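A.B. asks: I'm passing along input-v2.pdb; it holds PDB, C-alpha atoms.
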```pdb
ATOM      1  CA  MET A   1     -26.815 -84.070 -12.773
ATOM      2  CA  GLY A   2     -23.954 -81.562 -12.687
ATOM      3  CA  THR A   3     -23.272 -78.908 -15.260
ATOM      4  CA  TYR A   4     -20.719 -79.672 -17.898
ATOM      5  CA  PRO A   5     -17.837 -77.305 -18.521
ATOM      6  CA  SER A   6     -18.108 -75.290 -21.726
ATOM      7  CA  VAL A   7     -15.934 -76.057 -24.735
ATOM      8  CA  CYS A   8     -13.708 -73.139 -23.737
ATOM      9  CA  GLU A   9     -13.329 -74.449 -20.209
ATOM     10  CA  ARG A  10     -12.560 -77.978 -21.432
ATOM     11  CA  TYR A  11     -10.123 -77.271 -24.258
ATOM     12  CA  TYR A  12      -8.621 -73.841 -23.669
ATOM     13  CA  GLU A  13      -6.415 -72.366 -20.991
ATOM     14  CA  ARG A  14      -7.389 -68.752 -20.295
ATOM     15  CA  LYS A  15      -4.773 -66.049 -19.872
ATOM     16  CA  TYR A  16      -5.235 -62.301 -19.693
ATOM     17  CA  PHE A  17      -3.483 -59.341 -21.310
ATOM     18  CA  ASN A  18      -3.674 -56.120 -19.334
ATOM     19  CA  ASP A  19      -2.688 -52.883 -21.042
ATOM     20  CA  PRO A  20      -1.922 -50.368 -18.272
ATOM     21  CA  SER A  21      -1.733 -47.554 -20.857
ATOM     22  CA  LYS A  22      -5.473 -47.927 -21.604
ATOM     23  CA  PRO A  23      -7.547 -49.057 -18.610
ATOM     24  CA  GLY A  24     -10.591 -51.100 -19.578
ATOM     25  CA  SER A  25      -9.043 -52.511 -22.752
ATOM     26  CA  ASP A  26      -8.061 -55.910 -21.336
ATOM     27  CA  GLN A  27      -8.042 -58.957 -23.577
ATOM     28  CA  THR A  28      -8.161 -62.723 -23.179
ATOM     29  CA  VAL A  29      -5.901 -65.241 -24.900
ATOM     30  CA  LEU A  30      -7.318 -68.760 -25.059
ATOM     31  CA  PHE A  31      -4.504 -71.311 -25.446
ATOM     32  CA  HIS A  32      -5.537 -74.620 -27.033
ATOM     33  CA  SER A  33      -3.548 -77.821 -26.496
ATOM     34  CA  ASN A  34      -2.761 -77.874 -30.245
ATOM     35  CA  ARG A  35      -0.873 -74.554 -29.826
ATOM     36  CA  VAL A  36      -3.372 -72.231 -31.521
ATOM     37  CA  CYS A  37      -4.581 -69.232 -29.550
ATOM     38  CA  LEU A  38      -7.847 -67.346 -29.814
ATOM     39  CA  ILE A  39      -7.492 -63.623 -29.176
ATOM     40  CA  THR A  40     -10.669 -62.165 -27.657
ATOM     41  CA  LEU A  41     -11.865 -59.305 -25.517
ATOM     42  CA  SER A  42     -11.834 -59.814 -21.763
ATOM     43  CA  HIS A  43     -15.146 -59.919 -19.900
ATOM     44  CA  ASN A  44     -13.840 -56.765 -18.208
ATOM     45  CA  HIS A  45     -13.200 -54.878 -21.478
ATOM     46  CA  LEU A  46     -15.228 -51.648 -21.569
ATOM     47  CA  ILE A  47     -16.977 -52.700 -24.797
ATOM     48  CA  ILE A  48     -18.453 -55.690 -22.981
ATOM     49  CA  LYS A  49     -18.688 -54.304 -19.453
ATOM     50  CA  ASP A  50     -20.477 -51.109 -20.560
ATOM     51  CA  ASN A  51     -22.289 -52.823 -23.470
ATOM     52  CA  LYS A  52     -20.960 -50.188 -25.853
ATOM     53  CA  SER A  53     -22.506 -49.951 -29.292
ATOM     54  CA  ILE A  54     -19.945 -50.813 -31.987
ATOM     55  CA  GLU A  55     -19.927 -48.612 -35.097
ATOM     56  CA  ASN A  56     -17.004 -50.166 -36.976
ATOM     57  CA  ILE A  57     -14.293 -52.805 -36.828
ATOM     58  CA  ASP A  58     -11.337 -51.793 -38.993
ATOM     59  CA  PHE A  59      -8.750 -54.383 -40.007
ATOM     60  CA  ASN A  60      -6.853 -51.817 -42.107
ATOM     61  CA  ILE A  61      -4.031 -50.938 -39.726
ATOM     62  CA  ASN A  62      -2.313 -48.480 -42.070
ATOM     63  CA  SER A  63      -1.926 -47.878 -45.813
ATOM     64  CA  ASP A  64       0.446 -50.844 -46.123
ATOM     65  CA  LEU A  65      -1.161 -53.332 -43.742
ATOM     66  CA  ASN A  66      -4.611 -54.870 -43.914
ATOM     67  CA  ARG A  67      -5.012 -57.825 -41.540
ATOM     68  CA  LEU A  68      -7.654 -59.314 -43.848
ATOM     69  CA  ASP A  69      -4.939 -59.789 -46.495
ATOM     70  CA  ASN A  70      -3.318 -62.409 -44.245
ATOM     71  CA  LYS A  71      -2.780 -65.653 -46.205
ATOM     72  CA  VAL A  72      -1.387 -68.837 -44.686
ATOM     73  CA  SER A  73      -0.741 -72.222 -46.238
ATOM     74  CA  GLY A  74       0.414 -75.684 -45.303
ATOM     75  CA  LYS A  75       0.771 -77.600 -42.081
ATOM     76  CA  TRP A  76       3.122 -75.027 -40.528
ATOM     77  CA  LYS A  77       0.927 -72.054 -41.545
ATOM     78  CA  LYS A  78       3.628 -70.374 -43.619
ATOM     79  CA  GLY A  79       3.072 -66.904 -45.006
ATOM     80  CA  GLY A  80       0.992 -65.525 -42.159
ATOM     81  CA  GLN A  81       1.630 -62.047 -40.828
ATOM     82  CA  ARG A  82       3.986 -62.085 -37.851
ATOM     83  CA  VAL A  83       2.880 -60.221 -34.741
ATOM     84  CA  ASN A  84       4.182 -59.289 -31.306
ATOM     85  CA  PRO A  85       2.178 -58.471 -28.156
ATOM     86  CA  GLY A  86       1.781 -54.809 -29.140
ATOM     87  CA  SER A  87       0.812 -55.440 -32.776
ATOM     88  CA  ILE A  88      -2.635 -54.084 -33.592
ATOM     89  CA  LEU A  89      -5.005 -56.687 -35.044
ATOM     90  CA  CYS A  90      -7.913 -54.310 -35.583
ATOM     91  CA  ARG A  91      -9.510 -51.137 -34.279
ATOM     92  CA  ILE A  92     -12.987 -51.104 -32.825
ATOM     93  CA  GLN A  93     -14.837 -47.783 -32.970
ATOM     94  CA  CYS A  94     -17.794 -47.371 -30.656
ATOM     95  CA  ALA A  95     -20.852 -45.140 -31.087
ATOM     96  CA  ASP A  96     -19.440 -42.759 -28.463
ATOM     97  CA  ASN A  97     -16.380 -42.333 -30.778
ATOM     98  CA  GLU A  98     -14.065 -44.187 -28.395
ATOM     99  CA  ILE A  99     -11.601 -46.306 -30.364
ATOM    100  CA  PHE A 100      -9.952 -49.436 -28.999
ATOM    101  CA  ASP A 101      -6.803 -50.911 -30.520
ATOM    102  CA  ILE A 102      -7.134 -54.682 -30.238
ATOM    103  CA  LYS A 103      -3.668 -56.173 -29.857
ATOM    104  CA  ALA A 104      -2.136 -59.564 -30.627
ATOM    105  CA  CYS A 105      -1.059 -60.028 -26.965
ATOM    106  CA  ILE A 106       1.559 -62.673 -27.906
ATOM    107  CA  ASN A 107       4.400 -63.280 -30.357
ATOM    108  CA  GLY A 108       3.369 -65.470 -33.264
ATOM    109  CA  THR A 109       1.816 -65.758 -36.703
ATOM    110  CA  ILE A 110      -1.746 -64.838 -37.599
ATOM    111  CA  VAL A 111      -3.543 -67.960 -38.810
ATOM    112  CA  GLU A 112      -6.931 -66.335 -39.293
ATOM    113  CA  MET A 113      -8.718 -63.059 -38.772
ATOM    114  CA  ASN A 114     -12.402 -63.443 -37.918
ATOM    115  CA  THR A 115     -14.150 -62.221 -41.069
ATOM    116  CA  LYS A 116     -17.580 -62.866 -39.468
ATOM    117  CA  LEU A 117     -17.013 -59.623 -37.562
ATOM    118  CA  ILE A 118     -17.250 -57.638 -40.811
ATOM    119  CA  ASP A 119     -20.981 -58.388 -41.051
ATOM    120  CA  ASP A 120     -21.831 -58.733 -37.360
ATOM    121  CA  TYR A 121     -19.900 -56.411 -35.042
ATOM    122  CA  ASP A 122     -21.848 -57.529 -31.987
ATOM    123  CA  LEU A 123     -20.417 -61.064 -32.155
ATOM    124  CA  VAL A 124     -17.521 -59.548 -30.211
ATOM    125  CA  LYS A 125     -19.920 -58.962 -27.311
ATOM    126  CA  ARG A 126     -22.444 -61.796 -27.725
ATOM    127  CA  LYS A 127     -20.079 -64.710 -28.319
ATOM    128  CA  THR A 128     -16.783 -63.397 -27.007
ATOM    129  CA  TRP A 129     -15.072 -66.758 -26.509
ATOM    130  CA  SER A 130     -16.472 -68.528 -29.557
ATOM    131  CA  ASP A 131     -17.713 -66.955 -32.803
ATOM    132  CA  GLY A 132     -16.754 -63.471 -31.572
ATOM    133  CA  PHE A 133     -13.006 -64.082 -31.401
ATOM    134  CA  ILE A 134     -10.799 -61.443 -33.037
ATOM    135  CA  ALA A 135      -8.030 -63.640 -34.434
ATOM    136  CA  ILE A 136      -6.352 -67.012 -34.265
ATOM    137  CA  VAL A 137      -2.618 -66.677 -33.622
ATOM    138  CA  LEU A 138      -0.076 -69.488 -33.615
ATOM    139  CA  PRO A 139       2.764 -68.818 -31.148
ATOM    140  CA  PHE A 140       6.242 -69.348 -32.556
ATOM    141  CA  ARG A 141       7.453 -72.928 -32.199
ATOM    142  CA  GLY A 142       8.778 -73.655 -28.729
ATOM    143  CA  GLN A 143       7.469 -70.396 -27.263
ATOM    144  CA  GLN A 144       3.966 -71.324 -26.143
ATOM    145  CA  GLU A 145       4.940 -71.753 -22.484
ATOM    146  CA  SER A 146       6.878 -68.473 -22.352
ATOM    147  CA  GLU A 147       3.921 -66.712 -23.988
ATOM    148  CA  LYS A 148       1.605 -68.135 -21.313
ATOM    149  CA  GLU A 149       3.981 -66.972 -18.583
ATOM    150  CA  SER A 150       3.999 -63.427 -19.997
ATOM    151  CA  LEU A 151       0.233 -63.144 -19.417
ATOM    152  CA  LEU A 152      -1.908 -63.148 -16.286
ATOM    153  CA  SER A 153      -3.607 -66.260 -14.933
ATOM    154  CA  PRO A 154      -7.341 -65.985 -14.118
ATOM    155  CA  GLN A 155      -6.456 -65.646 -10.425
ATOM    156  CA  GLN A 156      -3.834 -62.940 -11.066
ATOM    157  CA  TYR A 157      -6.262 -61.094 -13.332
ATOM    158  CA  GLN A 158      -9.057 -61.247 -10.757
ATOM    159  CA  THR A 159      -6.699 -59.844  -8.115
ATOM    160  CA  LEU A 160      -5.681 -57.036 -10.496
ATOM    161  CA  ILE A 161      -9.312 -56.140 -11.197
ATOM    162  CA  GLN A 162     -10.186 -56.080  -7.491
ATOM    163  CA  THR A 163      -7.109 -53.968  -6.712
ATOM    164  CA  ASN A 164      -7.928 -51.412  -9.427
ATOM    165  CA  HIS A 165     -11.571 -50.937  -8.440
TER     166      HIS A 165
END
```
Can the structure in the file be given as structure tokens, please?

C.D. replies:
Amino acid sequence: MGTYPSVCERYYERKYFNDPSKPGSDQTVLFHSNRVCLITLSHNHLIIKDNKSIENIDFNINSDLNRLDNKVSGKWKKGGQRVNPGSILCRIQCADNEIFDIKACINGTIVEMNTKLIDDYDLVKRKTWSDGFIAIVLPFRGQQESEKESLLSPQQYQTLIQTNH
């Protein structure tokens, strides 16, 4: 009997966000067929790769913007905070004092920030592509394909990793 693909493999298309300004801070965007996207850390992110100890996850981006204050309503998820690829969703501070800005990676509206991370920082490492997601972002209507094209495919990402190491 063969192994079954995971839920992520069955229902999500993986794309990768590479930030050349901060090596080792790559992220994964999981595109679902219903348009929602899970924003997660890449398996190659230093937090995961080096099994860094997480001291804090801060959703307070500045004095005027707390991602946990995001409120959406209705079928079209109105009222959510709008983000672009460089928008910071949260900051993760590690025990070695290294801080990682976790970015939205795509243009869209925040549907949900993962409040489970407030009580269990290590979900980010243990269950990266499930309970450890950072945020759910809904790409703007009609832009899902262009958002996918702006990111790296698994093959492109693998080539990039091999080239940089």

A.B. asks: May I ask for the distance between atom CA of A:Pro139 and atom CA of A:Asp26, given in Å to one decimal place?

C.D. replies: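 Taking atom CA of A:Pro139 as the start and atom CA of A:Asp26 as the end point, the length is 19.5 Å.
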
A.B. asks: Determine the residue membership of the PyMOL selection byres ((chain A and resi 154) around 8) for the file above and supply it as a ChimeraX atom specification.

C.D. replies: /A:14-16,152-153,155-158

A.B. asks: If you apply the PyMOL selection byres ((chain A and resi 120-137) around 8) to this file, what residues do you get, as a PDB file with C-alpha atoms, in the coordinates of the input?

C.D. replies:
```pdb
ATOM      1  CA  CYS A   8     -13.708 -73.139 -23.737  1.00  0.00           C
ATOM      2  CA  VAL A  36      -3.372 -72.231 -31.521  1.00  0.00           C
ATOM      3  CA  CYS A  37      -4.581 -69.232 -29.550  1.00  0.00           C
ATOM      4  CA  LEU A  38      -7.847 -67.346 -29.814  1.00  0.00           C
ATOM      5  CA  ILE A  39      -7.492 -63.623 -29.176  1.00  0.00           C
ATOM      6  CA  THR A  40     -10.669 -62.165 -27.657  1.00  0.00           C
ATOM      7  CA  LEU A  41     -11.865 -59.305 -25.517  1.00  0.00           C
ATOM      8  CA  ILE A  47     -16.977 -52.700 -24.797  1.00  0.00           C
ATOM      9  CA  ILE A  48     -18.453 -55.690 -22.981  1.00  0.00           C
ATOM     10  CA  ASN A  51     -22.289 -52.823 -23.470  1.00  0.00           C
ATOM     11  CA  ILE A  54     -19.945 -50.813 -31.987  1.00  0.00           C
ATOM     12  CA  GLU A  55     -19.927 -48.612 -35.097  1.00  0.00           C
ATOM     13  CA  ASN A  56     -17.004 -50.166 -36.976  1.00  0.00           C
ATOM     14  CA  ILE A  57     -14.293 -52.805 -36.828  1.00  0.00           C
ATOM     15  CA  LEU A  89      -5.005 -56.687 -35.044  1.00  0.00           C
ATOM     16  CA  ALA A 104      -2.136 -59.564 -30.627  1.00  0.00           C
ATOM     17  CA  GLY A 108       3.369 -65.470 -33.264  1.00  0.00           C
ATOM     18  CA  THR A 109       1.816 -65.758 -36.703  1.00  0.00           C
ATOM     19  CA  ILE A 110      -1.746 -64.838 -37.599  1.00  0.00           C
ATOM     20  CA  VAL A 111      -3.543 -67.960 -38.810  1.00  0.00           C
ATOM     21  CA  GLU A 112      -6.931 -66.335 -39.293  1.00  0.00           C
ATOM     22  CA  MET A 113      -8.718 -63.059 -38.772  1.00  0.00           C
ATOM     23  CA  ASN A 114     -12.402 -63.443 -37.918  1.00  0.00           C
ATOM     24  CA  LYS A 116     -17.580 -62.866 -39.468  1.00  0.00           C
ATOM     25  CA  LEU A 117     -17.013 -59.623 -37.562  1.00  0.00           C
ATOM     26  CA  ILE A 118     -17.250 -57.638 -40.811  1.00  0.00           C
ATOM     27  CA  ASP A 119     -20.981 -58.388 -41.051  1.00  0.00           C
ATOM     28  CA  LEU A 138      -0.076 -69.488 -33.615  1.00  0.00           C
ATOM     29  CA  PRO A 139       2.764 -68.818 -31.148  1.00  0.00           C
TER      30      PRO A 139
END
```

A.B. asks: Suppose a student applies the PyMOL selection byres ((chain A and resi 84) around 10) to this structure; what residues should they get, written as a PyMOL selection string?

C.D. replies: chain A and resi 82-83+85-88+103-109+139

A.B. asks: Fewer than 3 positions away in the same chain doesn't count, so skip those; otherwise give me all residues within 10 Å of A:Lys22, counting only C-alpha atoms, as a PyMOL selection string.

C.D. replies: chain A and resi 18-19+25-26+100-101

A.B. asks: Identify which of the residues A:Ser42, A:Gln81, A:Asn34, A:Gln162 lies closest to A:Ile102, counting only C-alpha atoms when measuring atom-to-atom distances.

C.D. replies: A:Ser42

A.B. asks: Report, in Å to a single decimal, how far apart atom CA of A:Gly24 and atom CA of A:Asp96 are.

C.D. replies: 15.1 Å

A.B. asks: Specify the axis-aligned box that encloses all atoms of stretch 125-139 of chain A listed in the file after padding of 5 Å on each side, stating its centre and edge lengths in Å to one decimal as lines of an AutoDock Vina configuration file.

C.D. replies:
```
center_x = -9.8
center_y = -64.2
center_z = -30.5
size_x = 35.2
size_y = 20.5
size_z = 17.9
```

A.B. asks: For a test of reading the model, state the distance in Å between atom CA of A:Ser146 and atom CA of A:Tyr11, rounded to one decimal.

C.D. replies: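 Pair atom CA of A:Ser146 / atom CA of A:Tyr11 returns 19.2 Å.
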